[in-house]
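Visitor: Coordinates in upload.pdb, PDB, C-alpha atoms, are listed below.
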```pdb
ATOM      1  CA  MET A   1       0.000   0.000   0.000
ATOM      2  CA  ALA A   2       2.832   2.423   0.784
ATOM      3  CA  ASN A   3       4.026   2.279  -2.817
ATOM      4  CA  GLU A   4       0.593   2.523  -4.453
ATOM      5  CA  ARG A   5       0.360   5.086  -7.221
ATOM      6  CA  ILE A   6      -2.672   6.928  -8.485
ATOM      7  CA  LEU A   7      -2.413   6.714 -12.248
ATOM      8  CA  ASP A   8      -5.501   8.716 -13.189
ATOM      9  CA  SER A   9      -4.565  12.413 -13.183
ATOM     10  CA  ALA A  10      -8.078  13.627 -12.255
ATOM     11  CA  LEU A  11      -8.206  11.246  -9.291
ATOM     12  CA  GLY A  12      -4.666  12.269  -8.343
ATOM     13  CA  HIS A  13      -5.774  15.899  -8.292
ATOM     14  CA  LEU A  14      -8.731  15.050  -6.029
ATOM     15  CA  PHE A  15      -6.414  13.054  -3.746
ATOM     16  CA  ALA A  16      -4.102  16.075  -3.534
ATOM     17  CA  ARG A  17      -7.059  18.329  -2.675
ATOM     18  CA  ALA A  18      -8.066  15.891   0.084
ATOM     19  CA  LEU A  19      -4.571  16.111   1.590
ATOM     20  CA  VAL A  20      -4.736  19.910   1.429
ATOM     21  CA  ALA A  21      -8.111  19.835   3.218
ATOM     22  CA  ILE A  22      -6.565  17.706   5.982
ATOM     23  CA  ALA A  23      -3.517  19.959   6.342
ATOM     24  CA  ARG A  24      -5.743  23.048   6.418
ATOM     25  CA  ALA A  25      -8.105  21.690   9.051
ATOM     26  CA  ASP A  26      -6.315  23.572  11.829
ATOM     27  CA  ASP A  27      -6.301  26.753   9.703
ATOM     28  CA  GLN A  28      -2.611  26.724   8.887
ATOM     29  CA  ILE A  29      -0.045  24.882   6.825
ATOM     30  CA  GLY A  30       3.463  25.344   8.156
ATOM     31  CA  LEU A  31       6.652  24.967   6.160
ATOM     32  CA  GLU A  32       7.238  21.383   7.279
ATOM     33  CA  GLU A  33       3.673  20.392   6.446
ATOM     34  CA  GLY A  34       3.862  22.106   3.074
ATOM     35  CA  LEU A  35       7.049  20.282   2.139
ATOM     36  CA  ARG A  36       5.666  16.929   3.274
ATOM     37  CA  LEU A  37       2.396  17.650   1.445
ATOM     38  CA  GLN A  38       4.206  18.246  -1.812
ATOM     39  CA  GLN A  39       6.373  15.145  -1.280
ATOM     40  CA  ARG A  40       3.390  12.854  -0.610
ATOM     41  CA  ILE A  41       1.460  14.174  -3.597
ATOM     42  CA  GLU A  42       4.428  13.584  -5.903
ATOM     43  CA  LEU A  43       4.953  10.057  -4.538
ATOM     44  CA  ARG A  44       1.310   9.078  -5.095
ATOM     45  CA  THR A  45       0.719  10.779  -8.429
ATOM     46  CA  GLY A  46       4.152  10.325  -9.971
ATOM     47  CA  GLY A  47       4.600  14.019 -10.632
ATOM     48  CA  PRO A  48       4.314  17.442  -9.094
ATOM     49  CA  ILE A  49       1.071  19.331  -8.721
ATOM     50  CA  VAL A  50       1.422  23.066  -8.212
ATOM     51  CA  LEU A  51       0.675  23.565  -4.525
ATOM     52  CA  ALA A  52      -0.426  27.179  -5.053
ATOM     53  CA  ASP A  53      -3.156  25.962  -7.420
ATOM     54  CA  LEU A  54      -4.371  23.466  -4.827
ATOM     55  CA  LEU A  55      -4.474  26.123  -2.136
ATOM     56  CA  LEU A  56      -6.565  28.393  -4.357
ATOM     57  CA  ALA A  57      -8.991  25.642  -5.393
ATOM     58  CA  GLU A  58     -12.387  25.240  -3.794
ATOM     59  CA  PRO A  59     -12.050  23.161  -0.595
ATOM     60  CA  LEU A  60     -12.857  19.503  -1.273
ATOM     61  CA  GLU A  61     -15.581  17.944   0.841
ATOM     62  CA  PRO A  62     -15.294  14.214   1.612
ATOM     63  CA  HIS A  63     -18.671  13.352   0.077
ATOM     64  CA  ARG A  64     -17.612  14.999  -3.218
ATOM     65  CA  LEU A  65     -14.548  12.765  -3.424
ATOM     66  CA  ALA A  66     -16.672   9.696  -2.714
ATOM     67  CA  GLU A  67     -19.238  10.720  -5.353
ATOM     68  CA  ALA A  68     -16.531  11.233  -7.964
ATOM     69  CA  LEU A  69     -15.011   7.844  -7.224
ATOM     70  CA  ARG A  70     -18.394   6.058  -7.256
ATOM     71  CA  GLN A  71     -19.295   7.359 -10.697
ATOM     72  CA  GLY A  72     -18.534   4.334 -12.857
ATOM     73  CA  ALA A  73     -18.271   6.416 -16.004
ATOM     74  CA  GLY A  74     -15.992   9.338 -16.494
ATOM     75  CA  PRO A  75     -12.365   9.941 -15.771
ATOM     76  CA  PHE A  76     -11.990   7.178 -13.142
ATOM     77  CA  ARG A  77     -13.029   4.200 -15.289
ATOM     78  CA  GLY A  78     -10.186   1.758 -15.093
ATOM     79  CA  ALA A  79      -8.273   3.925 -12.638
ATOM     80  CA  GLY A  80      -7.615   0.770 -10.618
ATOM     81  CA  VAL A  81      -8.037   2.329  -7.181
ATOM     82  CA  HIS A  82     -10.641   0.791  -4.914
ATOM     83  CA  PRO A  83     -12.329   3.228  -2.496
ATOM     84  CA  GLY A  84     -10.831   1.317   0.448
ATOM     85  CA  GLU A  85      -7.350   1.650  -1.031
ATOM     86  CA  LEU A  86      -7.858   5.367  -1.582
ATOM     87  CA  ALA A  87      -9.100   5.726   2.000
ATOM     88  CA  ALA A  88      -5.951   3.999   3.277
ATOM     89  CA  MET A  89      -3.783   6.315   1.159
ATOM     90  CA  ILE A  90      -5.584   9.358   2.520
ATOM     91  CA  VAL A  91      -5.257   8.173   6.118
ATOM     92  CA  THR A  92      -1.570   7.255   5.912
ATOM     93  CA  ASP A  93      -0.520  10.241   3.819
ATOM     94  CA  GLY A  94      -2.747  12.662   5.718
ATOM     95  CA  ILE A  95      -1.191  11.602   9.005
ATOM     96  CA  ALA A  96       2.311  11.775   7.529
ATOM     97  CA  VAL A  97       1.674  15.322   6.319
ATOM     98  CA  VAL A  98       0.319  16.710   9.571
ATOM     99  CA  LEU A  99       2.850  14.842  11.718
ATOM    100  CA  ALA A 100       5.546  16.907  10.015
ATOM    101  CA  LYS A 101       4.799  19.510  12.687
ATOM    102  CA  GLY A 102       4.985  16.908  15.467
ATOM    103  CA  TYR A 103       1.337  16.131  16.259
ATOM    104  CA  VAL A 104      -2.111  15.640  14.768
ATOM    105  CA  SER A 105      -4.716  18.170  15.862
ATOM    106  CA  GLU A 106      -8.274  17.137  16.669
ATOM    107  CA  ALA A 107      -9.520  19.064  13.619
ATOM    108  CA  GLU A 108      -7.046  17.303  11.306
ATOM    109  CA  ALA A 109      -7.932  13.867  12.698
ATOM    110  CA  GLY A 110     -11.607  14.673  12.225
ATOM    111  CA  VAL A 111     -11.105  15.502   8.550
ATOM    112  CA  ILE A 112      -9.050  12.333   8.024
ATOM    113  CA  VAL A 113     -11.872  10.273   9.546
ATOM    114  CA  ARG A 114     -14.490  12.081   7.429
ATOM    115  CA  PHE A 115     -12.632  11.351   4.181
ATOM    116  CA  ALA A 116     -12.007   7.696   5.051
ATOM    117  CA  SER A 117     -15.585   7.209   6.243
ATOM    118  CA  ALA A 118     -16.998   8.815   3.092
ATOM    119  CA  LEU A 119     -15.021   6.236   1.103
ATOM    120  CA  GLY A 120     -16.620   3.414   3.094
ATOM    121  CA  CYS A 121     -13.843   2.727   5.590
ATOM    122  CA  PRO A 122     -15.200   1.713   9.026
ATOM    123  CA  LEU A 123     -13.922   3.508  12.115
ATOM    124  CA  ASP A 124     -12.226   0.380  13.499
ATOM    125  CA  GLU A 125     -10.151   0.086  10.293
ATOM    126  CA  ILE A 126      -9.225   3.762  10.525
ATOM    127  CA  ARG A 127      -8.095   3.192  14.115
ATOM    128  CA  ALA A 128      -6.038   0.188  13.008
ATOM    129  CA  MET A 129      -4.325   2.261  10.316
ATOM    130  CA  CYS A 130      -3.519   4.896  12.933
ATOM    131  CA  SER A 131      -2.228   2.491  15.592
ATOM    132  CA  ARG A 132       1.462   3.142  14.782
ATOM    133  CA  VAL A 133       1.055   6.868  15.438
ATOM    134  CA  ALA A 134      -1.310   6.571  18.409
ATOM    135  CA  PRO A 135       1.059   8.455  20.781
ATOM    136  CA  TRP A 136       0.732  11.551  18.576
ATOM    137  CA  LEU A 137      -3.034  11.220  18.209
ATOM    138  CA  GLY A 138      -4.099  11.007  21.837
ATOM    139  CA  THR A 139      -7.732   9.915  22.012
ATOM    140  CA  ILE A 140      -8.733  11.686  18.802
ATOM    141  CA  VAL A 141      -9.494   8.651  16.617
TER     142      VAL A 141
END
```
Output the file's structure as structure tokens, nothing else.

Guide:
Amino acid sequence: MANERILDSALGHLFARALVAIARADDQIGLEEGLRLQQRIELRTGGPIVLADLLLAEPLEPHRLAEALRQGAGPFRGAGVHPGELAAMIVTDGIAVVLAKGYVSEAEAGVIVRFASALGCPLDEIRAMCSRVAPWLGTIV
């Protein structure tokens, strides 16, 4: 899962917007978070996405990402990413981005859970994915 790539560029852009929404949940993106954000996006999509464009884009709501992924027709046909896989990518990469500052805020954890839940991931699976970073989460998830 750690090496999974998102091959569809439209889905990659939505994934990047989801990570931005997570990083912005506490109303700020510090230098460390910004660098990690860009790194994670490039690792998943195979190329850079202009961070300034993502920051200026309309904030992505979790249900919009889920709707886009559920639409069988359109740009995601054959994209090869199951909603559960995308949820796991969002959880692991979202945590990695916000941990760049040393902790995960309650607001950030809430957005991570909302995205994963919208993609059909049960709360117990989200907790399991977060178990390695539990000391930095407190009782948030």

Visitor: Convert the output of the PyMOL selection byres ((chain A and resi 11) around 9) on the shown file into explicit residues, formatted as an NGL selection string.

Guide: :A and (6-10 or 12-16 or 45 or 65 or 68-69 or 75-76 or 79)

Visitor: As number ranges by chain, please: the residues near Pro48 of chain A (cut-off 12 Å, all atoms listed in the file, same-chain neighbours under 2 positions excluded).

Guide: A: 9, 12-13, 16, 35, 37-46, 50-54

Visitor: Could you dump the residues just selected with C-alpha atoms as a CSV table (one decimal), in the frame of the given file?

Guide:
```csv
chain,number,residue,atom,x,y,z
A,9,SER,CA,-4.6,12.4,-13.2
A,12,GLY,CA,-4.7,12.3,-8.3
A,13,HIS,CA,-5.8,15.9,-8.3
A,16,ALA,CA,-4.1,16.1,-3.5
A,35,LEU,CA,7.0,20.3,2.1
A,37,LEU,CA,2.4,17.6,1.4
A,38,GLN,CA,4.2,18.2,-1.8
A,39,GLN,CA,6.4,15.1,-1.3
A,40,ARG,CA,3.4,12.9,-0.6
A,41,ILE,CA,1.5,14.2,-3.6
A,42,GLU,CA,4.4,13.6,-5.9
A,43,LEU,CA,5.0,10.1,-4.5
A,44,ARG,CA,1.3,9.1,-5.1
A,45,THR,CA,0.7,10.8,-8.4
A,46,GLY,CA,4.2,10.3,-10.0
A,50,VAL,CA,1.4,23.1,-8.2
A,51,LEU,CA,0.7,23.6,-4.5
A,52,ALA,CA,-0.4,27.2,-5.1
A,53,ASP,CA,-3.2,26.0,-7.4
A,54,LEU,CA,-4.4,23.5,-4.8
```

Visitor: Any chance you could work out the residue set of the PyMOL selection byres ((chain A and resi 19) around 12) here, as a ChimeraX atom specification?

Guide: /A:12-18,20-25,29,33-34,36-42,44,51,54-55,59-62,65,86-87,89-98,108-109,111-112,115-116

Visitor: Quick one: pull the distance between atom CA of Pro122 of chain A and atom CA of Ala57 of chain A, Å, one decimal.

Guide: 28.6 Å

Visitor: Could you tell me how far atom CA of Leu31 of chain A lies from atom CA of Gly110 of chain A, in Å and to one decimal?

Guide: 21.8 Å

Visitor: What is the atom CA of Gly102 of chain A to atom CA of Glu32 of chain A distance in Å?

Guide: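 Separating atom CA of Gly102 of chain A from atom CA of Glu32 of chain A is a distance of 9.6 Å.
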
Visitor: Put a box with edges along x, y and z around all the listed atoms of segment 88-96 of chain A, pad it by 4 Å on each side, then give me its centre and sizes in Å, one decimal, as lines of an AutoDock Vina configuration file.

Guide:
```
center_x = -1.8
center_y = 8.3
center_z = 5.1
size_x = 16.3
size_y = 16.7
size_z = 15.8
```

Visitor: Restricting the calculation to all atoms listed in the file: of A:Leu56, A:Ile49, A:Ala100, A:Ala66, which residue gets closest to Ala118 of chain A?

Guide: A:Ala66

Visitor: Where atoms are missing, can you supply N, CA and C atoms for segment 98-122 of chain A and output the lot as a tab-separated table (two decimals), keeping the file's coordinate frame?

Guide:
```tsv
chain	number	residue	atom	x	y	z
A	98	VAL	N	0.53	15.88	8.39
A	98	VAL	CA	0.32	16.71	9.57
A	98	VAL	C	1.31	16.39	10.69
A	99	LEU	N	1.84	15.18	10.71
A	99	LEU	CA	2.85	14.84	11.72
A	99	LEU	C	4.18	15.55	11.46
A	100	ALA	N	4.31	16.16	10.30
A	100	ALA	CA	5.55	16.91	10.02
A	100	ALA	C	5.76	18.01	11.05
A	101	LYS	N	4.68	18.47	11.66
A	101	LYS	CA	4.80	19.51	12.69
A	101	LYS	C	4.91	18.91	14.08
A	102	GLY	N	4.77	17.58	14.20
A	102	GLY	CA	4.99	16.91	15.47
A	102	GLY	C	3.76	16.34	16.14
A	103	TYR	N	2.56	16.64	15.65
A	103	TYR	CA	1.34	16.13	16.26
A	103	TYR	C	0.20	16.22	15.25
A	104	VAL	N	-0.90	15.57	15.58
A	104	VAL	CA	-2.11	15.64	14.77
A	104	VAL	C	-3.17	16.34	15.62
A	105	SER	N	-3.68	17.45	15.11
A	105	SER	CA	-4.72	18.17	15.86
A	105	SER	C	-6.05	17.43	15.76
A	106	GLU	N	-6.95	17.75	16.67
A	106	GLU	CA	-8.27	17.14	16.67
A	106	GLU	C	-9.00	17.45	15.36
A	107	ALA	N	-8.86	18.68	14.87
A	107	ALA	CA	-9.52	19.06	13.62
A	107	ALA	C	-8.98	18.26	12.44
A	108	GLU	N	-7.66	18.07	12.40
A	108	GLU	CA	-7.05	17.30	11.31
A	108	GLU	C	-7.49	15.85	11.36
A	109	ALA	N	-7.49	15.26	12.55
A	109	ALA	CA	-7.93	13.87	12.70
A	109	ALA	C	-9.39	13.72	12.27
A	110	GLY	N	-10.20	14.71	12.62
A	110	GLY	CA	-11.61	14.67	12.22
A	110	GLY	C	-11.79	14.66	10.72
A	111	VAL	N	-11.00	15.46	10.02
A	111	VAL	CA	-11.10	15.50	8.55
A	111	VAL	C	-10.61	14.19	7.94
A	112	ILE	N	-9.55	13.63	8.50
A	112	ILE	CA	-9.05	12.33	8.02
A	112	ILE	C	-10.16	11.29	8.16
A	113	VAL	N	-10.79	11.24	9.31
A	113	VAL	CA	-11.87	10.27	9.55
A	113	VAL	C	-13.04	10.52	8.59
A	114	ARG	N	-13.37	11.77	8.34
A	114	ARG	CA	-14.49	12.08	7.43
A	114	ARG	C	-14.21	11.60	6.01
A	115	PHE	N	-12.97	11.82	5.53
A	115	PHE	CA	-12.63	11.35	4.18
A	115	PHE	C	-12.67	9.83	4.11
A	116	ALA	N	-12.04	9.16	5.07
A	116	ALA	CA	-12.01	7.70	5.05
A	116	ALA	C	-13.40	7.11	5.19
A	117	SER	N	-14.21	7.69	6.05
A	117	SER	CA	-15.58	7.21	6.24
A	117	SER	C	-16.42	7.40	4.98
A	118	ALA	N	-16.25	8.54	4.32
A	118	ALA	CA	-17.00	8.82	3.09
A	118	ALA	C	-16.66	7.79	2.01
A	119	LEU	N	-15.45	7.24	2.07
A	119	LEU	CA	-15.02	6.24	1.10
A	119	LEU	C	-15.38	4.82	1.55
A	120	GLY	N	-16.12	4.72	2.65
A	120	GLY	CA	-16.62	3.41	3.09
A	120	GLY	C	-15.74	2.69	4.09
A	121	CYS	N	-14.76	3.35	4.64
A	121	CYS	CA	-13.84	2.73	5.59
A	121	CYS	C	-14.43	2.82	7.00
A	122	PRO	N	-14.65	1.69	7.67
A	122	PRO	CA	-15.20	1.71	9.03
A	122	PRO	C	-14.21	2.30	10.03
```
